[in-house]
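Novice: mmCIF, C-alpha atoms, saved as protein19.cif, coming up:
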data_my_file
#
loop_
_atom_site.group_PDB
_atom_site.id
_atom_site.type_symbol
_atom_site.label_atom_id
_atom_site.label_comp_id
_atom_site.auth_asym_id
_atom_site.auth_seq_id
_atom_site.Cartn_x
_atom_site.Cartn_y
_atom_site.Cartn_z
ATOM 1 C CA MET A 1 0.000 0.000 0.000
ATOM 2 C CA LYS A 2 2.798 2.358 0.973
ATOM 3 C CA THR A 3 4.560 1.595 -2.304
ATOM 4 C CA LEU A 4 1.369 2.369 -4.248
ATOM 5 C CA ILE A 5 0.948 5.685 -2.413
ATOM 6 C CA ASN A 6 4.575 6.555 -3.143
ATOM 7 C CA ILE A 7 4.094 5.711 -6.828
ATOM 8 C CA PHE A 8 0.940 7.850 -6.915
ATOM 9 C CA ARG A 9 2.838 10.731 -5.286
ATOM 10 C CA GLU A 10 5.623 10.424 -7.822
ATOM 11 C CA LEU A 11 3.088 10.340 -10.661
ATOM 12 C CA ALA A 12 1.462 13.519 -9.360
ATOM 13 C CA GLY A 13 4.943 14.991 -9.050
ATOM 14 C CA LEU A 14 5.401 14.583 -12.812
ATOM 15 C CA PHE A 15 2.944 17.420 -13.287
ATOM 16 C CA ILE A 16 3.002 19.317 -10.023
ATOM 17 C CA ASP A 17 6.365 20.274 -8.595
ATOM 18 C CA ASP A 18 5.920 23.845 -7.464
ATOM 19 C CA GLY A 19 2.264 24.036 -6.345
ATOM 20 C CA LEU A 20 1.963 27.776 -6.952
ATOM 21 C CA PHE A 21 3.390 27.405 -10.474
ATOM 22 C CA ALA A 22 0.910 24.633 -11.354
ATOM 23 C CA LEU A 23 -1.917 26.696 -9.866
ATOM 24 C CA ALA A 24 -0.935 29.748 -11.921
ATOM 25 C CA ILE A 25 -0.921 27.675 -15.140
ATOM 26 C CA SER A 26 -4.350 26.277 -14.245
ATOM 27 C CA VAL A 27 -5.673 29.811 -13.632
ATOM 28 C CA VAL A 28 -4.420 30.877 -17.079
ATOM 29 C CA VAL A 29 -6.198 27.902 -18.694
ATOM 30 C CA VAL A 30 -9.430 28.721 -16.823
ATOM 31 C CA LEU A 31 -9.169 32.394 -17.888
ATOM 32 C CA ALA A 32 -8.660 31.328 -21.509
ATOM 33 C CA ALA A 33 -11.703 29.030 -21.233
ATOM 34 C CA ILE A 34 -13.790 31.919 -19.847
ATOM 35 C CA VAL A 35 -12.673 34.196 -22.691
ATOM 36 C CA ALA A 36 -13.507 31.438 -25.205
ATOM 37 C CA ALA A 37 -16.973 31.128 -23.655
ATOM 38 C CA ILE A 38 -17.816 34.849 -23.461
ATOM 39 C CA ALA A 39 -16.250 35.877 -26.779
ATOM 40 C CA PRO A 40 -17.035 33.069 -29.236
ATOM 41 C CA ALA A 41 -16.991 35.579 -32.095
ATOM 42 C CA VAL A 42 -13.275 36.223 -31.465
ATOM 43 C CA PRO A 43 -11.929 32.722 -30.761
ATOM 44 C CA ILE A 44 -8.307 33.811 -31.181
ATOM 45 C CA ALA A 45 -8.679 35.964 -28.033
ATOM 46 C CA ALA A 46 -8.649 32.824 -25.888
ATOM 47 C CA GLY A 47 -5.457 31.735 -27.635
ATOM 48 C CA VAL A 48 -3.794 35.081 -26.938
ATOM 49 C CA VAL A 49 -4.771 34.863 -23.244
ATOM 50 C CA LEU A 50 -3.418 31.315 -23.089
ATOM 51 C CA LEU A 51 -0.093 32.042 -24.795
ATOM 52 C CA VAL A 52 0.638 35.382 -23.113
ATOM 53 C CA GLY A 53 -0.544 34.000 -19.773
ATOM 54 C CA CYS A 54 1.743 30.953 -19.946
ATOM 55 C CA LEU A 55 4.758 33.060 -20.926
ATOM 56 C CA GLY A 56 3.937 35.513 -18.134
ATOM 57 C CA VAL A 57 3.596 32.745 -15.538
ATOM 58 C CA LEU A 58 6.935 31.254 -16.590
ATOM 59 C CA LEU A 59 8.816 34.566 -16.476
ATOM 60 C CA GLY A 60 7.101 35.646 -13.270
ATOM 61 C CA ASN A 61 7.821 32.388 -11.486
ATOM 62 C CA VAL A 62 11.516 32.107 -12.334
ATOM 63 C CA THR A 63 12.245 35.756 -11.539
ATOM 64 C CA TRP A 64 10.317 35.358 -8.262
ATOM 65 C CA GLU A 65 12.798 32.605 -7.307
ATOM 66 C CA THR A 66 15.602 35.155 -7.018
ATOM 67 C CA VAL A 67 13.656 37.790 -5.051
ATOM 68 C CA MET B 68 5.108 15.056 -38.207
ATOM 69 C CA ALA B 69 8.767 15.963 -37.559
ATOM 70 C CA PRO B 70 8.066 18.080 -34.432
ATOM 71 C CA ALA B 71 6.035 15.223 -32.915
ATOM 72 C CA VAL B 72 8.733 12.636 -33.622
ATOM 73 C CA SER B 73 11.570 14.834 -32.354
ATOM 74 C CA ALA B 74 9.624 15.862 -29.221
ATOM 75 C CA ALA B 75 8.905 12.207 -28.456
ATOM 76 C CA PHE B 76 12.519 11.228 -29.228
ATOM 77 C CA LEU B 77 14.174 13.910 -27.077
ATOM 78 C CA SER B 78 11.759 13.522 -24.142
ATOM 79 C CA SER B 79 12.185 9.771 -24.188
ATOM 80 C CA LEU B 80 15.967 10.158 -24.351
ATOM 81 C CA VAL B 81 15.960 12.032 -21.037
ATOM 82 C CA GLU B 82 13.580 9.570 -19.352
ATOM 83 C CA ALA B 83 15.481 6.533 -20.643
ATOM 84 C CA VAL B 84 18.776 7.919 -19.308
ATOM 85 C CA GLU B 85 17.179 8.430 -15.888
ATOM 86 C CA ALA B 86 15.705 4.907 -15.818
ATOM 87 C CA LEU B 87 18.937 3.321 -17.025
ATOM 88 C CA THR B 88 20.963 5.183 -14.380
ATOM 89 C CA ILE B 89 18.890 3.578 -11.612
ATOM 90 C CA VAL B 90 18.896 0.116 -13.209
ATOM 91 C CA LEU B 91 22.690 0.276 -13.654
ATOM 92 C CA ALA B 92 23.102 1.460 -10.049
ATOM 93 C CA VAL B 93 21.068 -1.543 -8.869
ATOM 94 C CA ALA B 94 22.989 -3.911 -11.139
ATOM 95 C CA SER B 95 26.393 -2.656 -10.007
ATOM 96 C CA VAL B 96 25.537 -3.288 -6.339
ATOM 97 C CA ARG B 97 23.261 -6.343 -6.400
ATOM 98 C CA GLY B 98 24.016 -7.856 -9.801
ATOM 99 C CA TRP B 99 22.047 -8.108 -12.992
ATOM 100 C CA ARG B 100 19.452 -10.610 -11.734
ATOM 101 C CA PRO B 101 17.396 -8.298 -9.452
ATOM 102 C CA ALA B 102 18.060 -5.303 -11.701
ATOM 103 C CA GLY B 103 16.996 -7.178 -14.829
ATOM 104 C CA LEU B 104 13.972 -8.831 -13.212
ATOM 105 C CA GLY B 105 12.825 -5.517 -11.710
ATOM 106 C CA ALA B 106 13.270 -3.714 -15.021
ATOM 107 C CA LEU B 107 11.451 -6.467 -16.949
ATOM 108 C CA ALA B 108 8.591 -6.463 -14.427
ATOM 109 C CA GLY B 109 8.383 -2.673 -14.799
ATOM 110 C CA LEU B 110 8.254 -2.989 -18.583
ATOM 111 C CA ALA B 111 5.581 -5.707 -18.341
ATOM 112 C CA SER B 112 3.432 -3.523 -16.041
ATOM 113 C CA LEU B 113 3.881 -0.629 -18.413
ATOM 114 C CA GLY B 114 2.832 -2.802 -21.353
ATOM 115 C CA LEU B 115 -0.301 -3.934 -19.492
ATOM 116 C CA ILE B 116 -1.239 -0.328 -18.654
ATOM 117 C CA VAL B 117 -0.817 0.727 -22.293
ATOM 118 C CA LEU B 118 -2.812 -2.277 -23.561
ATOM 119 C CA ALA B 119 -5.588 -1.645 -21.044
ATOM 120 C CA LEU B 120 -5.893 2.126 -21.457
ATOM 121 C CA GLY B 121 -4.806 2.587 -25.086
ATOM 122 C CA PRO B 122 -8.114 1.499 -26.723
ATOM 123 C CA LEU B 123 -10.035 3.943 -24.480
ATOM 124 C CA LEU B 124 -8.389 6.868 -26.267
ATOM 125 C CA ASP B 125 -10.576 6.336 -29.351
ATOM 126 C CA ARG B 126 -13.769 6.639 -27.284
ATOM 127 C CA VAL B 127 -12.974 10.049 -25.796
ATOM 128 C CA PRO B 128 -14.294 13.118 -27.719
ATOM 129 C CA LEU B 129 -11.426 14.781 -29.593
ATOM 130 C CA HIS B 130 -11.816 18.278 -28.090
ATOM 131 C CA ALA B 131 -11.949 16.887 -24.551
ATOM 132 C CA LEU B 132 -8.877 14.751 -25.228
ATOM 133 C CA GLN B 133 -7.012 17.736 -26.699
ATOM 134 C CA LEU B 134 -7.909 19.926 -23.714
ATOM 135 C CA VAL B 135 -6.957 17.383 -21.039
ATOM 136 C CA ILE B 136 -3.720 16.390 -22.761
ATOM 137 C CA GLY B 137 -2.908 20.025 -23.520
ATOM 138 C CA VAL B 138 -3.254 21.063 -19.888
ATOM 139 C CA LEU B 139 -1.233 18.073 -18.654
ATOM 140 C CA LEU B 140 1.387 18.840 -21.282
ATOM 141 C CA LEU B 141 1.538 22.474 -20.159
ATOM 142 C CA LEU B 142 2.002 21.406 -16.519
ATOM 143 C CA PHE B 143 4.602 18.809 -17.508
ATOM 144 C CA GLY B 144 6.524 20.843 -20.106
ATOM 145 C CA MET B 145 6.560 24.148 -18.262
ATOM 146 C CA ARG B 146 7.717 22.353 -15.095
ATOM 147 C CA TRP B 147 10.710 21.005 -17.056
ATOM 148 C CA LEU B 148 11.372 24.377 -18.653
ATOM 149 C CA ARG B 149 11.181 26.204 -15.308
ATOM 150 C CA LYS B 150 13.722 23.823 -13.754
ATOM 151 C CA ALA B 151 15.984 23.982 -16.808
ATOM 152 C CA ILE B 152 15.960 27.805 -16.662
ATOM 153 C CA LEU B 153 16.785 27.797 -12.941
ATOM 154 C CA ARG B 154 19.563 25.245 -13.507
ATOM 155 C CA ALA B 155 21.011 27.174 -16.463
ATOM 156 C CA ALA B 156 20.944 30.345 -14.354
ATOM 157 C CA GLY B 157 22.738 28.568 -11.503
ATOM 158 C CA VAL B 158 19.886 28.983 -8.991
ATOM 159 C CA ILE B 159 19.538 25.209 -8.478
ATOM 160 C CA PRO B 160 22.320 22.660 -9.079
ATOM 161 C CA LEU B 161 22.573 20.806 -12.378
ATOM 162 C CA HIS B 162 21.153 17.286 -12.302
ATOM 163 C CA ASP B 163 24.180 15.047 -12.522
ATOM 164 C CA GLU B 164 23.603 11.438 -13.599
ATOM 165 C CA GLU B 165 27.022 10.432 -12.190
ATOM 166 C CA LEU B 166 25.915 11.815 -8.829
ATOM 167 C CA ALA B 167 22.506 10.095 -9.103
ATOM 168 C CA PHE B 168 24.314 6.831 -9.897
ATOM 169 C CA ALA B 169 26.678 7.273 -6.927
ATOM 170 C CA THR B 170 23.826 8.205 -4.584
ATOM 171 C CA GLY B 171 21.753 5.229 -5.731
ATOM 172 C CA THR B 172 24.564 2.734 -5.262
ATOM 173 C CA ALA B 173 25.522 4.249 -1.887
ATOM 174 C CA ALA B 174 21.916 3.915 -0.658
ATOM 175 C CA LEU B 175 21.753 0.291 -1.746
ATOM 176 C CA ARG B 176 25.107 -0.477 -0.101
ATOM 177 C CA GLU B 177 23.904 1.193 3.087
ATOM 178 C CA GLN B 178 20.838 -1.056 3.083
ATOM 179 C CA ALA B 179 23.070 -4.078 2.504
ATOM 180 C CA HIS B 180 25.121 -3.059 5.512
ATOM 181 C CA HIS B 181 21.990 -3.179 7.647
ATOM 182 C CA GLY B 182 21.173 -6.639 6.394
ATOM 183 C CA THR B 183 17.850 -5.826 4.729
ATOM 184 C CA ARG B 184 16.379 -8.078 2.038
ATOM 185 C CA LEU B 185 18.356 -6.419 -0.652
ATOM 186 C CA ASP B 186 17.548 -8.381 -3.753
ATOM 187 C CA TRP B 187 13.863 -7.664 -3.335
ATOM 188 C CA LEU B 188 14.442 -3.986 -2.595
ATOM 189 C CA ALA B 189 16.932 -3.648 -5.434
ATOM 190 C CA GLY B 190 14.472 -5.262 -7.848
ATOM 191 C CA LEU B 191 11.750 -2.933 -6.603
ATOM 192 C CA ALA B 192 13.982 0.105 -7.224
ATOM 193 C CA ALA B 193 14.589 -1.007 -10.820
ATOM 194 C CA TYR B 194 10.876 -1.813 -11.241
ATOM 195 C CA LYS B 195 9.779 1.613 -9.972
ATOM 196 C CA ALA B 196 12.320 3.444 -12.125
ATOM 197 C CA MET B 197 11.270 1.590 -15.252
ATOM 198 C CA LEU B 198 7.531 2.016 -14.552
ATOM 199 C CA LEU B 199 7.634 5.713 -13.669
ATOM 200 C CA GLU B 200 10.047 6.823 -16.373
ATOM 201 C CA GLY B 201 8.202 4.579 -18.837
ATOM 202 C CA LEU B 202 4.884 6.210 -17.924
ATOM 203 C CA GLU B 203 6.427 9.596 -18.666
ATOM 204 C CA VAL B 204 7.473 8.316 -22.096
ATOM 205 C CA VAL B 205 3.963 6.926 -22.713
ATOM 206 C CA PHE B 206 2.416 10.213 -21.641
ATOM 207 C CA VAL B 207 4.613 12.208 -24.020
ATOM 208 C CA VAL B 208 3.840 9.835 -26.902
ATOM 209 C CA ILE B 209 0.088 10.133 -26.271
ATOM 210 C CA ALA B 210 0.314 13.899 -25.790
ATOM 211 C CA VAL B 211 2.174 14.636 -29.009
ATOM 212 C CA GLY B 212 0.609 11.869 -31.082
ATOM 213 C CA ALA B 213 -3.011 11.404 -30.050
ATOM 214 C CA GLY B 214 -5.802 13.141 -31.921
ATOM 215 C CA ARG B 215 -3.762 13.815 -35.052
ATOM 216 C CA GLY B 216 -2.986 10.283 -36.118
ATOM 217 C CA LEU B 217 0.636 10.706 -35.073
ATOM 218 C CA LEU B 218 0.709 8.026 -32.380
ATOM 219 C CA LEU B 219 2.756 5.693 -34.560
ATOM 220 C CA PRO B 220 5.487 8.198 -35.546
ATOM 221 C CA ALA B 221 5.659 9.479 -31.955
ATOM 222 C CA SER B 222 5.954 5.887 -30.694
ATOM 223 C CA VAL B 223 8.728 5.214 -33.200
ATOM 224 C CA GLY B 224 10.592 8.321 -31.994
ATOM 225 C CA ALA B 225 10.232 7.232 -28.361
ATOM 226 C CA LEU B 226 11.242 3.627 -29.045
ATOM 227 C CA ALA B 227 14.275 4.788 -31.044
ATOM 228 C CA ALA B 228 15.405 6.912 -28.098
ATOM 229 C CA CYS B 229 14.915 4.071 -25.602
ATOM 230 C CA ALA B 230 16.755 1.611 -27.859
ATOM 231 C CA LEU B 231 19.611 4.077 -28.357
ATOM 232 C CA VAL B 232 20.006 4.703 -24.626
ATOM 233 C CA ALA B 233 19.736 0.991 -23.804
ATOM 234 C CA ALA B 234 22.359 0.082 -26.429
ATOM 235 C CA VAL B 235 24.827 2.781 -25.391
ATOM 236 C CA GLY B 236 24.150 2.247 -21.681
ATOM 237 C CA PHE B 237 24.727 -1.480 -21.758
ATOM 238 C CA ALA B 238 27.805 -1.052 -23.947
ATOM 239 C CA VAL B 239 29.497 1.357 -21.565
ATOM 240 C CA ARG B 240 27.864 -0.038 -18.387
ATOM 241 C CA ARG B 241 27.874 3.421 -16.829
ATOM 242 C CA PRO B 242 25.291 6.201 -16.554
ATOM 243 C CA LEU B 243 25.150 8.386 -19.634
ATOM 244 C CA ALA B 244 26.467 11.413 -17.791
ATOM 245 C CA ARG B 245 27.758 12.957 -20.980
ATOM 246 C CA VAL B 246 24.275 13.501 -22.298
ATOM 247 C CA PRO B 247 23.854 17.241 -21.671
ATOM 248 C CA GLU B 248 20.726 16.690 -19.636
ATOM 249 C CA ASN B 249 19.867 20.284 -18.882
ATOM 250 C CA THR B 250 20.215 21.317 -22.529
ATOM 251 C CA LEU B 251 17.932 18.434 -23.476
ATOM 252 C CA LYS B 252 15.414 19.354 -20.778
ATOM 253 C CA PHE B 253 15.546 22.978 -21.881
ATOM 254 C CA THR B 254 14.791 21.958 -25.468
ATOM 255 C CA VAL B 255 12.159 19.406 -24.506
ATOM 256 C CA GLY B 256 10.533 21.835 -22.054
ATOM 257 C CA ILE B 257 10.170 24.374 -24.861
ATOM 258 C CA MET B 258 8.736 21.778 -27.259
ATOM 259 C CA LEU B 259 6.283 20.290 -24.765
ATOM 260 C CA SER B 260 5.129 23.719 -23.568
ATOM 261 C CA SER B 261 4.535 24.718 -27.199
ATOM 262 C CA PHE B 262 2.537 21.537 -27.839
ATOM 263 C CA GLY B 263 0.672 22.199 -24.578
ATOM 264 C CA VAL B 264 -0.400 25.705 -25.653
ATOM 265 C CA PHE B 265 -1.385 24.372 -29.075
ATOM 266 C CA TRP B 266 -3.471 21.428 -27.801
ATOM 267 C CA THR B 267 -5.114 23.411 -24.999
ATOM 268 C CA GLY B 268 -6.063 26.087 -27.519
ATOM 269 C CA GLU B 269 -7.397 23.471 -29.946
ATOM 270 C CA GLY B 270 -9.424 21.972 -27.105
ATOM 271 C CA LEU B 271 -10.919 25.420 -26.427
ATOM 272 C CA GLY B 272 -11.727 25.862 -30.126
ATOM 273 C CA VAL B 273 -8.967 28.401 -30.931
ATOM 274 C CA PRO B 274 -8.261 28.555 -34.691
ATOM 275 C CA TRP B 275 -4.476 28.972 -34.539
ATOM 276 C CA PRO B 276 -3.066 30.949 -37.501
ATOM 277 C CA GLY B 277 -1.059 28.589 -39.708
ATOM 278 C CA ALA B 278 -2.581 25.524 -38.001
ATOM 279 C CA ASP B 279 0.210 23.118 -36.932
ATOM 280 C CA LEU B 280 2.887 25.629 -37.993
ATOM 281 C CA ALA B 281 1.812 27.760 -35.028
ATOM 282 C CA ILE B 282 3.696 25.276 -32.808
ATOM 283 C CA LEU B 283 6.990 26.524 -34.302
ATOM 284 C CA GLY B 284 6.001 30.098 -33.507
ATOM 285 C CA PHE B 285 5.157 29.131 -29.916
ATOM 286 C CA ALA B 286 8.492 27.348 -29.613
ATOM 287 C CA ALA B 287 10.310 30.489 -30.807
ATOM 288 C CA LEU B 288 8.438 32.605 -28.251
ATOM 289 C CA PHE B 289 9.135 30.150 -25.413
ATOM 290 C CA LEU B 290 12.805 30.049 -26.443
ATOM 291 C CA VAL B 291 13.120 33.844 -26.389
ATOM 292 C CA ALA B 292 11.308 34.025 -23.029
ATOM 293 C CA ALA B 293 13.436 31.237 -21.541
ATOM 294 C CA VAL B 294 16.751 32.742 -22.699
ATOM 295 C CA ALA B 295 15.657 36.156 -21.383
ATOM 296 C CA ALA B 296 14.680 34.533 -18.089
ATOM 297 C CA VAL B 297 18.068 32.794 -17.742
ATOM 298 C CA THR B 298 19.897 36.105 -18.383
ATOM 299 C CA LEU B 299 17.682 38.009 -15.952
ATOM 300 C CA VAL B 300 17.798 35.407 -13.183
ATOM 301 C CA ARG B 301 21.565 34.938 -13.549
ATOM 302 C CA SER B 302 22.248 38.689 -13.300
ATOM 303 C CA ARG B 303 19.972 38.932 -10.259
ATOM 304 C CA ALA B 304 21.713 35.987 -8.633
ATOM 305 C CA ILE B 305 25.112 37.609 -9.232
ATOM 306 C CA GLU B 306 23.866 40.921 -7.783
ATOM 307 C CA ALA B 307 22.610 39.075 -4.705
ATOM 308 C CA LEU B 308 26.078 37.646 -3.993
ATOM 309 C CA PRO B 309 27.803 39.241 -0.984
#
Written as structure tokens, that's how I'd like the structure from this file.

Specialist:
Amino acid sequence: MKTLINIFRELAGLFIDDGLFALAISVVVVLAAIVAAIAPAVPIAAGVVLLVGCLGVLLGNVTWETV
Amino acid sequence: MAPAVSAAFLSSLVEAVEALTIVLAVASVRGWRPAGLGALAGLASLGLIVLALGPLLDRVPLHALQLVIGVLLLLFGMRWLRKAILRAAGVIPLHDEELAFATGTAALREQAHHGTRLDWLAGLAAYKAMLLEGLEVVFVVIAVGAGRGLLLPASVGALAACALVAAVGFAVRRPLARVPENTLKFTVGIMLSSFGVFWTGEGLGVPWPGADLAILGFAALFLVAAVAAVTLVRSRAIEALP
């Protein structure tokens, strides 16, 4: 059982290392989904939110590490 | 097709090196029997998982599959890229396969010293390494290949990487420390993050300009952002020195 729990933890660790970082990426995806839902006439807007958001989260997180 | 094959190949190269390092560490301390049996059991479990879950992929709606895989790919790829940036900037130490090999063998020797049931534990270590790293390879293959009919080319890329690492690893019988792991992870992180943005967007119904070619544009943007981040973080780290 303990081995299974450890394996599950390691599997989750494949995707979630820094909890705040994973949360920020998830927030960006949710924001993009909201934009896609409220502005279906401009579908590219969701893509812009997604791309700019992901780049922003990456830059923000790594620079935060040195503060 | 080429980006999918190369993403699968490079990602699998990194995972295969990590798995082989642990298997070789086990083999060098406890011999090839527990290491080989553990690794084979890990491969068999992996095969069963793929056989059991693989056919389900066809039954999932395409947009849902693209969205789920895209988000997982974003979490997975950006995690790699973040670590690679911090390693390149010197904020966290480089991952050294020689060190991982030495640490693994030292831990197993320590257990031997305490008289634990080593063969079983050693086999379990090899099993876990093979299963977990193998699952990462399977995930990457599904992520870059599913939904676009590229599962076969992505699988070929992944298998080629695993075969290459296995052949070189068993020939030299040492961890492949000369593989520039952080450079590979940097590259793979950029590719997987780009695929992640693309798939997530497709799942949300975004009509990307240039269709699949947009992935190359995303990769260029992630590369520029990552290089800028390394420069910025490195200069900040130097300024912070006493």

Novice: Pick the closest to Gly53 in chain A from B:Val117, B:Leu141, B:Gly109, B:Tyr194: which is it, counting all atoms listed in the file?

Specialist: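 Of all the options, B:Leu141 lies closest to Gly53 in chain A.
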
Novice: Find the spatial neighbours of Leu59 in chain A, counting all atoms listed in the file, within a cut-off of 7 Å - ignore same-chain residues fewer than 4 positions away - and output them as a PyMOL selection string.

Specialist: (chain A and resi 55+63) or (chain B and resi 296)

Novice: Would you pick out the contacts of Ala74 in chain B at 12 Å or less, using all atoms listed in the file, so that residues sharing its chain but fewer than 5 positions from it are not included, and give the list as a PyMOL selection string?

Specialist: chain B and resi 68-69+79-81+140+144+204+206-212+217+220-225+228+251-263+282+286

Novice: Specify as a PyMOL selection string each residue included when the PyMOL selection byres ((chain A) within 6 of (chain B)) is applied to this file.

Specialist: chain A and resi 15+43-44+47+63

Novice: Got time to write the residues from that selection, C-alpha atoms, as a PDB file, in the coordinates of the input?

Specialist:
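Written output follows (part-v4.pdb):
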ATOM      1  CA  PHE A  15       2.944  17.420 -13.287  1.00  0.00           C
ATOM      2  CA  PRO A  43     -11.929  32.722 -30.761  1.00  0.00           C
ATOM      3  CA  ILE A  44      -8.307  33.811 -31.181  1.00  0.00           C
ATOM      4  CA  GLY A  47      -5.457  31.735 -27.635  1.00  0.00           C
ATOM      5  CA  THR A  63      12.245  35.756 -11.539  1.00  0.00           C
TER       6      THR A  63
END

Novice: Spell out the residues picked by the PyMOL selection byres ((chain B and resi 189) around 7) here, as a compact mmCIF listing (two decimals) with C-alpha atoms, in the frame of the given file.

Specialist:
# COMPACT_ATOMS: atom_id res chain seq x y z
CA VAL B 93 21.07 -1.54 -8.87
CA ARG B 97 23.26 -6.34 -6.40
CA PRO B 101 17.40 -8.30 -9.45
CA ALA B 102 18.06 -5.30 -11.70
CA LEU B 185 18.36 -6.42 -0.65
CA ASP B 186 17.55 -8.38 -3.75
CA TRP B 187 13.86 -7.66 -3.34
CA LEU B 188 14.44 -3.99 -2.60
CA GLY B 190 14.47 -5.26 -7.85
CA LEU B 191 11.75 -2.93 -6.60
CA ALA B 192 13.98 0.10 -7.22
CA ALA B 193 14.59 -1.01 -10.82

Novice: If we count only C-alpha atoms, what is near Val49 in chain A at a cut-off of 10 Å, once residues fewer than 6 positions away on the same chain are taken out, given as a PDB file with C-alpha atoms, in the frame of the given file?

Specialist:
ATOM      1  CA  VAL A  28      -4.420  30.877 -17.079  1.00  0.00           C
ATOM      2  CA  VAL A  29      -6.198  27.902 -18.694  1.00  0.00           C
ATOM      3  CA  LEU A  31      -9.169  32.394 -17.888  1.00  0.00           C
ATOM      4  CA  ALA A  32      -8.660  31.328 -21.509  1.00  0.00           C
ATOM      5  CA  ALA A  33     -11.703  29.030 -21.233  1.00  0.00           C
ATOM      6  CA  VAL A  35     -12.673  34.196 -22.691  1.00  0.00           C
ATOM      7  CA  ALA A  36     -13.507  31.438 -25.205  1.00  0.00           C
ATOM      8  CA  LEU A  55       4.758  33.060 -20.926  1.00  0.00           C
TER       9      LEU A  55
ATOM     10  CA  GLY B 268      -6.063  26.087 -27.519  1.00  0.00           C
TER      11      GLY B 268
END

Novice: Quick one: pull the distance between CA of Leu120 in chain B and CA of Val232 in chain B, Å, one decimal.

Specialist: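 Interatomic distance here is 26.2 Å.
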
Novice: Any idea what the distance is between CA of Leu226 in chain B and CA of Phe76 in chain B?

Specialist: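 It comes out at 7.7 Å.
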
Novice: Choose the residue, out of B:Ala83, B:Ala287, B:Ala106, B:Ala238, that has the smallest atom-to-atom separation from Val205 in chain B; count all atoms listed in the file.

Specialist: B:Ala83

Novice: I need the residue nearest Ala86 in chain B from this list: B:Gly284, B:Gly114, B:Gly157, B:Gly105. Use only C-alpha atoms for the distance.

Specialist: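 Ranked by minimum distance to Ala86 in chain B, first place goes to B:Gly105.
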
Novice: Just how far from CA of Asp18 in chain A is CA of Val294 in chain B, in Å to one decimal?

Specialist: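 Between these atoms lies a distance of 20.7 Å.
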
Novice: Using only the atoms of range 39-51 of chain A listed in the file, plus 4 Å on each side, state the axis-aligned box centre and edge lengths in Å rounded to one decimal, as lines of an AutoDock Vina configuration file.

Specialist:
center_x = -8.6
center_y = 33.8
center_z = -27.6
size_x = 24.9
size_y = 12.9
size_z = 17.0

Novice: Please expand the PyMOL selection byres ((chain A and resi 24) around 10) into the concrete residues it hits in this file, giving the result as a list in words.

Specialist: Gly19, Leu20, Phe21, Ala22, Leu23, Ile25, Ser26, Val27, Val28, Val29, Val30, Gly53, Cys54, Gly56, Val57, Leu58 and Asn61 of chain A; Leu142 of chain B

Novice: Once you've located range 70-82 of chain B in the structure I gave, write it as a short mmCIF file (atom, residue, chain, number, x, y, z; two decimals), in the first residue's frame, keeping N, CA and C atoms.

Specialist:
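Contents of result-v6.cif, as written:
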data_model
loop_
_atom_site.label_atom_id
_atom_site.label_comp_id
_atom_site.auth_asym_id
_atom_site.auth_seq_id
_atom_site.Cartn_x
_atom_site.Cartn_y
_atom_site.Cartn_z
N PRO B 70 8.03 17.60 -35.82
CA PRO B 70 8.07 18.08 -34.43
C PRO B 70 7.58 17.03 -33.43
N ALA B 71 6.56 16.25 -33.82
CA ALA B 71 6.03 15.22 -32.92
C ALA B 71 7.07 14.14 -32.67
N VAL B 72 7.73 13.71 -33.75
CA VAL B 72 8.73 12.64 -33.62
C VAL B 72 9.92 13.13 -32.79
N SER B 73 10.39 14.35 -33.08
CA SER B 73 11.57 14.83 -32.35
C SER B 73 11.23 15.12 -30.89
N ALA B 74 10.01 15.63 -30.62
CA ALA B 74 9.62 15.86 -29.22
C ALA B 74 9.58 14.54 -28.47
N ALA B 75 8.99 13.53 -29.10
CA ALA B 75 8.91 12.21 -28.46
C ALA B 75 10.30 11.61 -28.28
N PHE B 76 11.17 11.79 -29.29
CA PHE B 76 12.52 11.23 -29.23
C PHE B 76 13.33 11.88 -28.10
N LEU B 77 13.35 13.21 -28.07
CA LEU B 77 14.17 13.91 -27.08
C LEU B 77 13.66 13.69 -25.65
N SER B 78 12.32 13.75 -25.48
CA SER B 78 11.76 13.52 -24.14
C SER B 78 12.10 12.12 -23.67
N SER B 79 11.94 11.16 -24.56
CA SER B 79 12.18 9.77 -24.19
C SER B 79 13.66 9.53 -23.89
N LEU B 80 14.52 10.28 -24.59
CA LEU B 80 15.97 10.16 -24.35
C LEU B 80 16.28 10.50 -22.89
N VAL B 81 15.72 11.60 -22.42
CA VAL B 81 15.96 12.03 -21.04
C VAL B 81 15.43 10.99 -20.05
N GLU B 82 14.19 10.54 -20.28
CA GLU B 82 13.58 9.57 -19.35
C GLU B 82 14.34 8.24 -19.36
#
